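Visitor: Contents of input.tsv (TSV, C-alpha atoms):
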```tsv
chain	number	residue	atom	x	y	z
O	381	MET	CA	79.80	28.50	65.05
O	382	ILE	CA	82.08	31.30	66.20
O	383	ILE	CA	81.95	34.69	64.51
O	384	PHE	CA	84.54	37.26	65.47
O	385	THR	CA	85.75	40.71	64.60
O	386	SER	CA	88.99	42.54	65.36
O	387	VAL	CA	89.07	46.17	66.53
O	388	CYS	CA	90.76	48.86	68.52
O	389	SER	CA	88.53	50.82	70.90
O	390	ASN	CA	87.63	53.45	68.31
O	391	TYR	CA	85.69	50.79	66.34
O	392	ILE	CA	83.85	49.13	69.23
O	393	HIS	CA	80.64	50.93	68.25
O	394	LYS	CA	80.84	49.30	64.81
O	395	ALA	CA	81.41	45.91	66.45
O	396	ARG	CA	78.25	46.52	68.49
O	397	CYS	CA	76.23	47.02	65.29
O	398	LEU	CA	77.66	43.84	63.81
O	399	ALA	CA	77.07	41.77	66.96
O	400	GLN	CA	73.47	42.95	67.19
O	401	SER	CA	72.82	41.87	63.61
O	402	VAL	CA	74.50	38.50	64.19
O	403	LYS	CA	72.42	37.77	67.28
O	404	GLN	CA	69.24	38.76	65.46
O	405	HIS	CA	69.75	36.52	62.42
O	406	MET	CA	72.19	33.86	63.68
O	407	PRO	CA	71.36	33.45	67.38
O	408	TYR	CA	73.11	30.07	67.52
O	409	ALA	CA	76.51	31.73	66.83
O	410	ARG	CA	78.89	32.94	69.53
O	411	PHE	CA	80.32	36.41	68.94
O	412	PHE	CA	83.89	37.26	69.95
O	413	VAL	CA	85.79	40.55	69.85
O	414	CYS	CA	89.56	40.59	69.47
O	415	LEU	CA	90.57	43.92	71.03
O	416	THR	CA	94.03	45.41	70.44
O	417	GLU	CA	94.31	47.59	73.51
O	418	ARG	CA	96.20	47.39	76.81
O	419	GLU	CA	92.96	47.05	78.77
O	420	VAL	CA	89.26	46.64	78.02
O	421	PRO	CA	87.57	50.06	78.37
O	422	ALA	CA	84.90	50.15	81.07
O	423	ASN	CA	82.19	51.02	78.53
O	424	ALA	CA	83.28	48.51	75.87
O	425	ARG	CA	81.05	45.63	76.76
O	426	CYS	CA	77.55	45.04	75.42
O	427	LYS	CA	75.16	42.13	75.86
O	428	GLU	CA	75.72	40.89	72.30
O	429	PHE	CA	79.44	40.29	72.91
O	430	ASP	CA	79.95	36.75	74.21
O	431	GLU	CA	83.60	37.47	74.94
O	432	ILE	CA	86.21	40.21	74.51
O	433	VAL	CA	89.79	38.91	74.26
O	434	LEU	CA	92.73	41.29	74.43
O	435	SER	CA	95.24	40.61	71.67
O	436	LYS	CA	98.12	40.66	74.16
O	437	ASP	CA	96.45	37.90	76.20
O	438	MET	CA	96.25	35.42	73.32
O	439	TRP	CA	99.61	36.35	71.74
O	440	PRO	CA	102.32	33.63	71.90
O	441	GLY	CA	105.31	35.86	72.66
O	442	ASN	CA	106.35	39.44	73.40
O	443	PHE	CA	103.32	41.40	72.22
O	444	ASP	CA	104.95	44.79	72.87
O	445	HIS	CA	107.75	43.91	70.45
O	446	PHE	CA	105.18	42.93	67.84
O	447	ILE	CA	102.68	45.77	68.14
O	448	PHE	CA	105.23	48.60	68.38
O	449	LYS	CA	105.97	48.29	64.65
O	450	HIS	CA	102.31	48.83	63.67
O	451	ALA	CA	100.20	51.96	63.28
O	452	ILE	CA	96.55	51.75	64.32
O	453	VAL	CA	95.37	51.22	60.73
O	454	GLU	CA	97.48	48.02	60.64
O	455	ALA	CA	97.06	46.82	64.22
O	456	SER	CA	93.66	45.13	64.18
O	457	THR	CA	94.43	43.33	60.91
O	458	ALA	CA	97.87	42.16	62.04
O	459	VAL	CA	96.40	40.02	64.84
O	460	LYS	CA	93.64	38.31	62.83
O	461	GLY	CA	95.65	35.25	61.85
O	462	ALA	CA	96.86	34.71	65.41
O	463	PHE	CA	93.30	35.06	66.72
O	464	PHE	CA	92.02	32.46	64.25
O	465	ARG	CA	94.81	30.17	65.51
O	466	TYR	CA	93.84	30.91	69.13
O	467	LEU	CA	90.18	30.04	68.44
O	468	LEU	CA	91.05	26.82	66.60
O	469	LYS	CA	93.18	25.67	69.56
O	470	THR	CA	90.85	26.88	72.31
O	471	TYR	CA	87.59	25.53	70.86
O	472	PRO	CA	88.43	22.12	69.34
O	473	ASP	CA	84.76	21.10	69.15
O	474	GLU	CA	83.73	24.06	67.01
O	475	THR	CA	83.56	23.37	63.28
O	476	GLU	CA	82.84	26.81	61.79
O	477	PHE	CA	84.90	29.97	62.30
O	478	ILE	CA	83.97	33.21	60.53
O	479	TYR	CA	85.70	36.57	60.57
O	480	LEU	CA	83.71	39.72	59.68
O	481	ASP	CA	85.03	43.27	59.64
O	482	PRO	CA	83.37	45.47	62.29
O	483	ASP	CA	81.73	47.61	59.57
O	484	CYS	CA	79.74	44.62	58.28
O	485	TYR	CA	76.04	44.14	59.02
O	486	VAL	CA	74.19	40.82	58.75
O	487	TYR	CA	70.73	40.79	57.15
O	488	ASP	CA	69.96	37.06	57.12
O	489	ASP	CA	71.22	33.62	58.10
O	490	MET	CA	74.03	32.08	56.01
O	491	PRO	CA	72.92	28.54	55.06
O	492	GLU	CA	75.05	28.42	51.89
O	493	LEU	CA	78.19	29.18	53.87
O	494	ARG	CA	77.43	26.57	56.51
O	495	GLU	CA	76.91	24.01	53.78
O	496	LYS	CA	80.22	24.97	52.12
O	497	LEU	CA	82.12	24.61	55.41
O	498	LYS	CA	81.04	20.98	55.75
O	499	THR	CA	83.46	20.05	52.96
O	500	ARG	CA	85.50	23.14	52.06
O	501	PRO	CA	88.29	24.17	54.48
O	502	ILE	CA	88.69	27.82	53.42
O	503	VAL	CA	86.08	30.16	51.95
O	504	LEU	CA	87.00	33.52	50.37
O	505	CYS	CA	84.94	36.27	48.74
O	506	PRO	CA	86.45	38.19	45.80
O	507	HIS	CA	86.06	41.94	45.71
O	508	LEU	CA	84.45	41.69	42.27
O	509	LEU	CA	82.20	39.08	40.68
O	510	LYS	CA	81.89	40.66	37.24
O	511	PRO	CA	84.00	42.93	35.03
O	512	GLY	CA	83.15	46.51	34.16
O	513	ASN	CA	84.22	48.69	37.08
O	514	ILE	CA	87.74	49.43	35.87
O	515	LEU	CA	88.63	51.59	38.88
O	516	MET	CA	87.80	48.73	41.23
O	517	GLU	CA	89.61	46.23	39.02
O	518	LEU	CA	92.75	48.38	39.35
O	519	SER	CA	92.18	48.72	43.09
O	520	SER	CA	91.91	44.94	43.44
O	521	THR	CA	95.27	44.42	41.77
O	522	ALA	CA	96.82	46.79	44.33
O	523	HIS	CA	94.90	45.92	47.50
O	524	GLY	CA	94.15	42.24	46.92
O	525	VAL	CA	91.78	40.15	44.82
O	526	TYR	CA	89.88	38.86	47.87
O	527	ASN	CA	88.28	41.04	50.51
O	528	LEU	CA	89.45	40.11	53.99
O	529	GLY	CA	86.46	41.78	55.59
O	530	PHE	CA	85.21	38.19	55.41
O	531	LEU	CA	87.00	34.89	55.89
O	532	ALA	CA	85.60	31.51	56.91
O	533	VAL	CA	87.34	28.24	57.77
O	534	ASN	CA	86.30	24.90	59.19
O	535	HIS	CA	88.33	22.83	61.65
O	536	SER	CA	90.12	20.67	59.09
O	537	GLU	CA	93.84	19.97	58.86
O	538	GLU	CA	93.97	22.03	55.66
O	539	ALA	CA	92.36	25.02	57.35
O	540	VAL	CA	94.83	24.83	60.24
O	541	LYS	CA	97.75	24.73	57.79
O	542	PHE	CA	96.38	27.78	56.01
O	543	ILE	CA	95.82	29.75	59.22
O	544	ASN	CA	99.32	28.93	60.48
O	545	TRP	CA	100.83	30.09	57.18
O	546	TRP	CA	98.81	33.31	57.17
O	547	ALA	CA	99.41	34.08	60.85
O	548	ASP	CA	103.16	33.63	60.40
O	549	ARG	CA	103.18	36.05	57.46
O	550	LEU	CA	101.17	38.64	59.40
O	551	GLN	CA	103.50	38.39	62.38
O	552	LYS	CA	106.36	39.52	60.14
O	553	TYR	CA	104.73	41.54	57.36
O	554	CYS	CA	101.35	43.18	57.91
O	555	TYR	CA	101.83	46.76	56.79
O	556	ASP	CA	100.01	49.31	54.66
O	557	ASP	CA	102.86	49.25	52.14
O	558	ILE	CA	101.46	48.82	48.63
O	559	PRO	CA	104.71	49.90	46.87
O	560	ASN	CA	106.39	46.84	48.41
O	561	GLY	CA	103.53	44.48	47.57
O	562	ILE	CA	101.83	44.42	50.99
O	563	PHE	CA	98.40	45.69	51.97
O	564	THR	CA	97.92	44.75	55.64
O	565	ASP	CA	96.56	41.17	55.96
O	566	GLN	CA	94.76	41.16	52.63
O	567	LYS	CA	97.30	41.02	49.83
O	568	TRP	CA	98.78	37.78	51.22
O	569	ILE	CA	95.53	35.97	50.42
O	570	ASP	CA	96.09	36.36	46.68
O	571	LEU	CA	98.46	33.40	47.19
O	572	ALA	CA	96.04	31.24	49.21
O	573	PRO	CA	94.37	29.47	46.23
O	574	CYS	CA	97.85	28.61	44.93
O	575	PHE	CA	98.90	26.93	48.19
O	576	PHE	CA	95.68	25.58	49.77
O	577	ASP	CA	92.32	23.98	48.96
O	578	THR	CA	90.32	27.17	48.76
O	579	GLU	CA	86.69	27.88	47.85
O	580	ILE	CA	86.22	31.13	45.93
O	581	PHE	CA	82.63	31.90	46.92
O	582	LYS	CA	80.77	33.64	44.09
O	583	HIS	CA	77.52	34.48	45.85
O	584	HIS	CA	76.37	38.08	45.29
O	585	GLY	CA	74.68	38.24	48.71
O	586	TYR	CA	77.91	37.83	50.66
O	587	ASP	CA	80.25	40.77	51.20
O	588	PHE	CA	78.09	43.15	49.19
O	589	ALA	CA	80.01	46.42	49.55
O	590	THR	CA	81.07	49.78	48.20
O	591	TRP	CA	82.82	48.11	45.27
O	592	SER	CA	79.57	46.25	44.39
O	593	LEU	CA	77.43	49.33	43.85
O	594	MET	CA	77.90	49.66	40.07
O	595	ASP	CA	74.97	47.86	38.37
O	596	ALA	CA	74.19	46.36	41.75
O	597	GLY	CA	71.03	44.46	40.78
O	598	LEU	CA	69.29	45.03	44.12
O	599	SER	CA	65.68	43.96	44.62
O	600	VAL	CA	63.28	43.32	47.47
O	601	LYS	CA	60.50	40.73	47.70
O	602	ASN	CA	58.28	39.98	50.70
O	603	GLY	CA	60.58	42.00	52.93
O	604	ARG	CA	63.73	40.09	51.88
O	605	TYR	CA	66.56	41.65	49.92
O	606	PHE	CA	68.31	40.15	46.88
O	607	VAL	CA	71.45	40.95	44.88
O	608	GLU	CA	71.45	39.66	41.30
O	609	GLY	CA	68.82	37.17	42.45
O	610	ASP	CA	70.92	35.89	45.38
O	611	PRO	CA	69.54	36.48	48.92
O	612	LEU	CA	71.39	39.29	50.70
O	613	ARG	CA	73.33	37.87	53.65
O	614	PHE	CA	75.50	40.78	54.77
O	615	ILE	CA	76.65	44.21	53.63
O	616	HIS	CA	80.18	45.44	54.21
O	617	TYR	CA	79.88	49.20	54.79
O	618	SER	CA	83.53	49.73	53.93
O	619	GLY	CA	84.55	53.37	53.62
O	620	TYR	CA	81.80	54.62	55.92
O	621	ASP	CA	84.03	57.01	57.85
O	622	GLY	CA	85.65	58.53	54.78
O	623	ASN	CA	82.42	59.20	52.86
O	624	ALA	CA	83.47	56.62	50.23
O	625	ILE	CA	79.99	55.07	50.28
O	626	ASP	CA	78.32	58.41	49.52
O	627	CYS	CA	80.73	59.05	46.65
O	628	CYS	CA	80.20	55.59	45.15
O	629	MET	CA	76.42	55.87	45.45
O	630	ARG	CA	76.59	59.20	43.63
O	631	ASP	CA	78.96	58.01	40.91
O	632	TRP	CA	77.89	54.40	40.35
O	633	MET	CA	74.22	53.98	41.27
O	634	PRO	CA	71.20	55.12	39.25
O	635	ALA	CA	69.62	58.29	40.57
O	636	ASP	CA	66.30	56.51	41.16
O	637	GLU	CA	67.79	53.60	43.15
O	638	THR	CA	66.25	53.56	46.63
O	639	ILE	CA	66.90	50.13	48.16
O	640	PHE	CA	70.54	50.61	49.12
O	641	HIS	CA	69.86	54.20	50.18
O	642	GLY	CA	67.27	52.90	52.62
O	643	LEU	CA	69.54	50.17	54.01
O	644	TYR	CA	72.39	52.64	54.36
O	645	ALA	CA	70.23	55.20	56.18
O	646	ALA	CA	69.07	52.56	58.67
O	647	TYR	CA	72.65	51.42	59.27
O	648	ARG	CA	73.80	55.01	59.76
O	649	GLU	CA	71.13	55.54	62.43
O	650	LEU	CA	72.14	52.35	64.29
O	651	HIS	CA	75.83	53.20	63.91
O	652	ASP	CA	75.35	56.61	65.53
O	653	ARG	CA	73.17	55.17	68.28
O	654	ASN	CA	75.88	52.67	69.20
O	655	ASP	CA	78.36	55.55	69.48
O	656	ALA	CA	76.16	57.57	71.85
O	657	ASP	CA	78.84	57.15	74.52
O	658	HIS	CA	81.47	58.51	72.07
O	659	ILE	CA	83.59	55.39	72.37
O	660	SER	CA	84.84	56.11	68.84
O	661	GLN	CA	86.87	58.96	70.35
O	662	THR	CA	88.86	56.64	72.63
O	663	PRO	CA	92.62	57.13	72.07
O	664	TRP	CA	94.54	54.02	71.07
O	665	SER	CA	96.52	52.78	74.06
O	666	TYR	CA	99.47	51.71	71.90
O	667	SER	CA	99.92	55.09	70.23
O	668	ASN	CA	102.17	56.51	72.98
O	669	TYR	CA	105.21	55.55	75.01
O	670	ALA	CA	104.71	54.81	78.71
O	671	SER	CA	105.68	58.44	79.37
O	672	GLY	CA	102.76	59.67	77.27
O	673	GLU	CA	104.92	60.87	74.37
O	674	LYS	CA	103.35	60.09	70.99
O	675	ILE	CA	105.31	57.57	68.92
O	676	ASP	CA	106.58	58.99	65.63
O	677	ASN	CA	105.46	56.91	62.68
O	678	GLU	CA	108.99	57.20	61.25
O	679	VAL	CA	110.28	55.49	64.40
O	680	ARG	CA	107.78	52.65	63.97
O	681	ILE	CA	108.95	52.12	60.38
O	682	ALA	CA	112.64	52.26	61.35
O	683	TYR	CA	111.94	49.81	64.18
O	684	ARG	CA	110.33	47.21	61.93
O	685	ASN	CA	113.23	47.48	59.51
O	686	ASN	CA	115.75	46.85	62.31
O	687	LEU	CA	114.10	44.12	64.38
O	688	GLU	CA	117.34	42.22	64.95
O	689	ARG	CA	118.95	45.29	66.50
O	690	MET	CA	115.88	45.96	68.63
O	691	SER	CA	115.47	42.37	69.89
O	692	ASP	CA	117.50	43.18	73.03
O	693	VAL	CA	115.11	45.99	74.02
O	694	ALA	CA	112.70	44.35	76.46
O	695	ASP	CA	110.03	47.04	76.16
O	696	PRO	CA	110.21	49.61	73.34
O	697	PHE	CA	107.33	51.53	74.94
O	698	ALA	CA	109.57	52.30	77.93
O	699	LEU	CA	111.82	54.48	75.75
O	700	SER	CA	111.26	57.76	73.85
O	701	ASN	CA	111.48	58.92	70.24
O	702	GLU	CA	114.93	60.37	70.91
O	703	GLU	CA	116.22	57.18	72.52
O	704	MET	CA	114.71	55.02	69.79
O	705	LYS	CA	116.27	57.12	67.04
O	706	LYS	CA	119.70	56.80	68.68
O	707	LEU	CA	119.32	53.04	68.89
O	708	LEU	CA	118.08	52.82	65.31
O	709	THR	CA	120.73	55.08	63.77
O	710	PRO	CA	123.41	52.91	62.15
O	711	PRO	CA	127.01	53.59	63.18
O	712	PRO	CA	129.08	55.61	60.69
O	713	ALA	CA	130.82	53.56	58.04
O	714	GLU	CA	134.47	52.83	58.86
O	715	VAL	CA	136.90	54.62	56.56
O	716	VAL	CA	139.63	52.26	55.39
O	717	PRO	CA	142.71	54.22	54.18
O	718	LEU	CA	144.92	52.98	51.36
O	719	GLU	CA	147.90	53.20	53.68
O	720	PRO	CA	149.49	49.86	52.64
O	721	LEU	CA	150.18	51.27	49.19
O	722	GLY	CA	151.41	54.67	50.44
O	723	LYS	CA	153.13	57.08	48.15
O	724	ARG	CA	153.94	54.33	45.65
O	725	ALA	CA	150.23	54.00	44.84
O	726	LEU	CA	149.89	57.69	44.13
O	727	LYS	CA	152.99	57.59	41.89
O	728	VAL	CA	151.56	54.67	39.88
O	729	LEU	CA	148.26	56.52	39.48
O	730	ARG	CA	150.06	59.65	38.29
O	731	ASP	CA	152.66	58.00	36.02
O	732	GLU	CA	150.88	54.96	34.64
O	733	GLY	CA	147.18	55.91	34.63
O	734	ILE	CA	144.01	54.60	36.26
O	735	GLY	CA	143.96	51.26	34.40
O	736	VAL	CA	147.36	50.08	35.64
O	737	PHE	CA	146.60	51.50	39.09
O	738	CYS	CA	143.38	49.45	39.40
O	739	LYS	CA	145.14	46.25	38.32
O	740	LYS	CA	147.85	46.74	40.91
O	741	ILE	CA	145.24	47.46	43.60
O	742	VAL	CA	143.46	44.19	42.77
O	743	ASN	CA	146.72	42.23	42.76
O	744	HIS	CA	147.76	43.81	46.06
O	745	PHE	CA	144.61	42.71	47.91
O	746	ALA	CA	144.54	39.34	46.14
O	747	ASN	CA	147.97	38.59	47.55
```
Could you take the file, read its structure, and then write that structure out as structure tokens?
Guide:
Amino acid sequence: MIIFTSVCSNYIHKARCLAQSVKQHMPYARFFVCLTEREVPANARCKEFDEIVLSKDMWPGNFDHFIFKHAIVEASTAVKGAFFRYLLKTYPDETEFIYLDPDCYVYDDMPELREKLKTRPIVLCPHLLKPGNILMELSSTAHGVYNLGFLAVNHSEEAVKFINWWADRLQKYCYDDIPNGIFTDQKWIDLAPCFFDTEIFKHHGYDFATWSLMDAGLSVKNGRYFVEGDPLRFIHYSGYDGNAIDCCMRDWMPADETIFHGLYAAYRELHDRNDADHISQTPWSYSNYASGEKIDNEVRIAYRNNLERMSDVADPFALSNEEMKKLLTPPPAEVVPLEPLGKRALKVLRDEGIGVFCKKIVNHFAN
């Protein structure tokens, strides 16, 4: 089994937490980090990482062309499909491939998932397993029905087809652009059950997260945690940095609930300990041009909307905002005078009216 996560350097401390939990409860699994940076920071490695792979090193093409169009919030999701494809090709003898977001934490082994992957090529977890939280129902329609903080595939032909489809879509369209129907890598997966043989995994102990906190049904017995009677396998601490978890605990959980509060407090302590070297403050190495000038987000958006024009630029990072804006500014529209009709056209317009004028214009160009 290979478990991987995808990060920029500012989330390496979260990946450390995840890797530590994986090695504690699933020691047979290998843990990979897909890192979207120019180089691996000197302090990035930890003993729980089996391998760190730079996105640019596994990318099948001009990575600078690809990554320039993405902001940091999109970058680590945009490479996930390609990294799945890389793993499937590089490790042909592996049969189980699992992606987990770096802000996940594993609390137990995952026997149900391993059993599913023996026969099911693709396993997805929905955001919601029961109705009632209308705000989250609305959010799911906008952000995606399935949470892509988790995705599992086996090494079947169907899984490979799915990964190739998804990776191709992410190479072209992986943006935080909800008005145009895209939310990074996630919204695409709403289509996956329509196109592929997909298992929608309705186990309350997988991908338990912020959106699961209303009527959570948490319990503990003999030191093991349960959600609605299902053993807790991992928690997705989504929204940790923006205080979303605290808000949801306040708004959705009973005042006397203590189990999740205890788990969250323990995770917070580990999270801070893994950031003792302040790696979370590491600047993203793709946020600036080679000169050091910060890339305007407007330039990134204009670039991705004009990829054909920019295909001749070998390295967009070698330029500047000013140079990029000049290249991306369309030439002024050519003004075509009505010279062939000359004064006669103006006389027709004046003497015979707009209707006759338009007919004669049409006939003129038709002939």
Visitor: Pick the closest to Ala462 in chain O from O:Arg549, O:His507, O:Arg418, O:Arg500: which is it, counting only C-alpha atoms?
Guide: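 Looking only at the distances to Ala462 in chain O, the closest residue turns out to be O:Arg549.
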Visitor: Please determine, counting all atoms listed in the file, which residue among O:Phe384, O:Phe463, O:Tyr526, O:Phe412 has the shortest atom-to-atom distance to Asp437 in chain O.
Guide: O:Phe463
Visitor: Pick the closest to Pro491 in chain O from O:Tyr586, O:Arg425, O:Asn513, O:Arg689: which is it, counting all atoms listed in the file?
Guide: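 Looking at the shortest contact to Pro491 in chain O, the residue is O:Tyr586.
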Visitor: Check which residues of range 482-508 of chain O sit at most 8 Å from range 564-585 of chain O using only C-alpha atoms, and return one row each with the closest pair of atoms and their distance in Å to one decimal, ordered by chain and rising number, as CSV.
Guide:
```
residue,atom,partner,partner_atom,distance
O:Arg500,CA,O:Glu579,CA,6.5
O:Pro501,CA,O:Thr578,CA,6.8
O:Ile502,CA,O:Thr578,CA,5.0
O:Val503,CA,O:Glu579,CA,4.7
O:Leu504,CA,O:Ile580,CA,5.1
O:Cys505,CA,O:Phe581,CA,5.3
O:Pro506,CA,O:Ile580,CA,7.1
```
Visitor: Neighbours of range 450-452 of chain O within 12 Å (all atoms listed in the file; same-chain residues fewer than 3 positions away dropped), as a ChimeraX atom specification?
Guide: /O:386-391,415-417,443-447,455-459,550-557,564,663-668,674-685
Visitor: Between CA of Ile392 in chain O and CA of Glu428 in chain O, measure the distance and give it in Å to one decimal.
Guide: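 Atom-to-atom, CA of Ile392 in chain O and CA of Glu428 in chain O are spaced 12.0 Å apart.
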Visitor: Determine, counting only C-alpha atoms, which protein, DNA and RNA residues have an atom within 10 Å of an atom of His616 in chain O; residues of the same chain fewer than 5 positions away are not included. Present the result as a ChimeraX atom specification.
Guide: /O:480-486,527,529-530,586-592
Visitor: Any idea what's packed within 12 Å of range 400-402 of chain O, counting all atoms listed in the file, ignoring anything in its chain fewer than 3 positions away? Could you give it as a VMD selection string?
Guide: chain O and resid 381 to 385 393 to 397 405 to 412 426 to 430 478 to 480 482 to 490 613 to 615 647 650 to 651 654
Visitor: Export C-alpha atoms of the chosen residues as a compact mmCIF listing (two decimals), keeping the file's coordinate frame?
Guide:
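Output saved as part-v2.txt:
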```txt
# COMPACT_ATOMS: atom_id res chain seq x y z
CA MET O 381 79.80 28.50 65.05
CA ILE O 382 82.08 31.30 66.20
CA ILE O 383 81.95 34.69 64.51
CA PHE O 384 84.54 37.26 65.47
CA THR O 385 85.75 40.71 64.60
CA HIS O 393 80.64 50.93 68.25
CA LYS O 394 80.84 49.30 64.81
CA ALA O 395 81.41 45.91 66.45
CA ARG O 396 78.25 46.52 68.49
CA CYS O 397 76.23 47.02 65.29
CA HIS O 405 69.75 36.52 62.42
CA MET O 406 72.19 33.86 63.68
CA PRO O 407 71.36 33.45 67.38
CA TYR O 408 73.11 30.07 67.52
CA ALA O 409 76.51 31.73 66.83
CA ARG O 410 78.89 32.94 69.53
CA PHE O 411 80.32 36.41 68.94
CA PHE O 412 83.89 37.26 69.95
CA CYS O 426 77.55 45.04 75.42
CA LYS O 427 75.16 42.13 75.86
CA GLU O 428 75.72 40.89 72.30
CA PHE O 429 79.44 40.29 72.91
CA ASP O 430 79.95 36.75 74.21
CA ILE O 478 83.97 33.21 60.53
CA TYR O 479 85.70 36.57 60.57
CA LEU O 480 83.71 39.72 59.68
CA PRO O 482 83.37 45.47 62.29
CA ASP O 483 81.73 47.61 59.57
CA CYS O 484 79.74 44.62 58.28
CA TYR O 485 76.04 44.14 59.02
CA VAL O 486 74.19 40.82 58.75
CA TYR O 487 70.73 40.79 57.15
CA ASP O 488 69.96 37.06 57.12
CA ASP O 489 71.22 33.62 58.10
CA MET O 490 74.03 32.08 56.01
CA ARG O 613 73.33 37.87 53.65
CA PHE O 614 75.50 40.78 54.77
CA ILE O 615 76.65 44.21 53.63
CA TYR O 647 72.65 51.42 59.27
CA LEU O 650 72.14 52.35 64.29
CA HIS O 651 75.83 53.20 63.91
CA ASN O 654 75.88 52.67 69.20
```
Visitor: Starting from 5 Å padding per side, set up an axis-aligned box that covers all listed atoms of range 468-473 of chain O and hand over centre and edge lengths in Å, one decimal, as lines of an AutoDock Vina configuration file.
Guide:
```
center_x = 89.0
center_y = 24.0
center_z = 69.5
size_x = 18.4
size_y = 15.8
size_z = 15.7
```
Visitor: For Glu454 in chain O, which residue among O:Ile625, O:Arg494, O:Ile562, O:Glu702 is the nearest when counting only C-alpha atoms?
Guide: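 When distances to Glu454 in chain O are compared using only C-alpha atoms, the smallest one comes from O:Ile562.
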Visitor: From (71.7, 45.1, 42.9), in the file's coordinates, out to 9 Å: which residues are reached, counting only C-alpha atoms? Answer as a compact mmCIF listing (two decimals) with C-alpha atoms, in the coordinates of the input.
Guide:
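Printed below is part.txt as written:
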```
# COMPACT_ATOMS: atom_id res chain seq x y z
CA HIS O 584 76.37 38.08 45.29
CA SER O 592 79.57 46.25 44.39
CA LEU O 593 77.43 49.33 43.85
CA MET O 594 77.90 49.66 40.07
CA ASP O 595 74.97 47.86 38.37
CA ALA O 596 74.19 46.36 41.75
CA GLY O 597 71.03 44.46 40.78
CA LEU O 598 69.29 45.03 44.12
CA SER O 599 65.68 43.96 44.62
CA PHE O 606 68.31 40.15 46.88
CA VAL O 607 71.45 40.95 44.88
CA GLU O 608 71.45 39.66 41.30
CA GLY O 609 68.82 37.17 42.45
CA ILE O 639 66.90 50.13 48.16
CA PHE O 640 70.54 50.61 49.12
```
Visitor: Choose the residue, out of O:Lys705, O:Lys601, O:His641, O:Arg648, that has the smallest atom-to-atom separation from Tyr620 in chain O; count all atoms listed in the file.
Guide: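 Going through O:Lys705, O:Lys601, O:His641, O:Arg648 one by one, the smallest distance to Tyr620 in chain O is for O:Arg648.
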Visitor: Which distance in Å separates CA of Leu708 in chain O and CA of Tyr669 in chain O, to one decimal?
Guide: 16.3 Å
Visitor: What gap, in Å, lies between CA of Asn534 in chain O and CA of Val413 in chain O?
Guide: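 About the pair CA of Asn534 in chain O and CA of Val413 in chain O: they are 18.9 Å apart.
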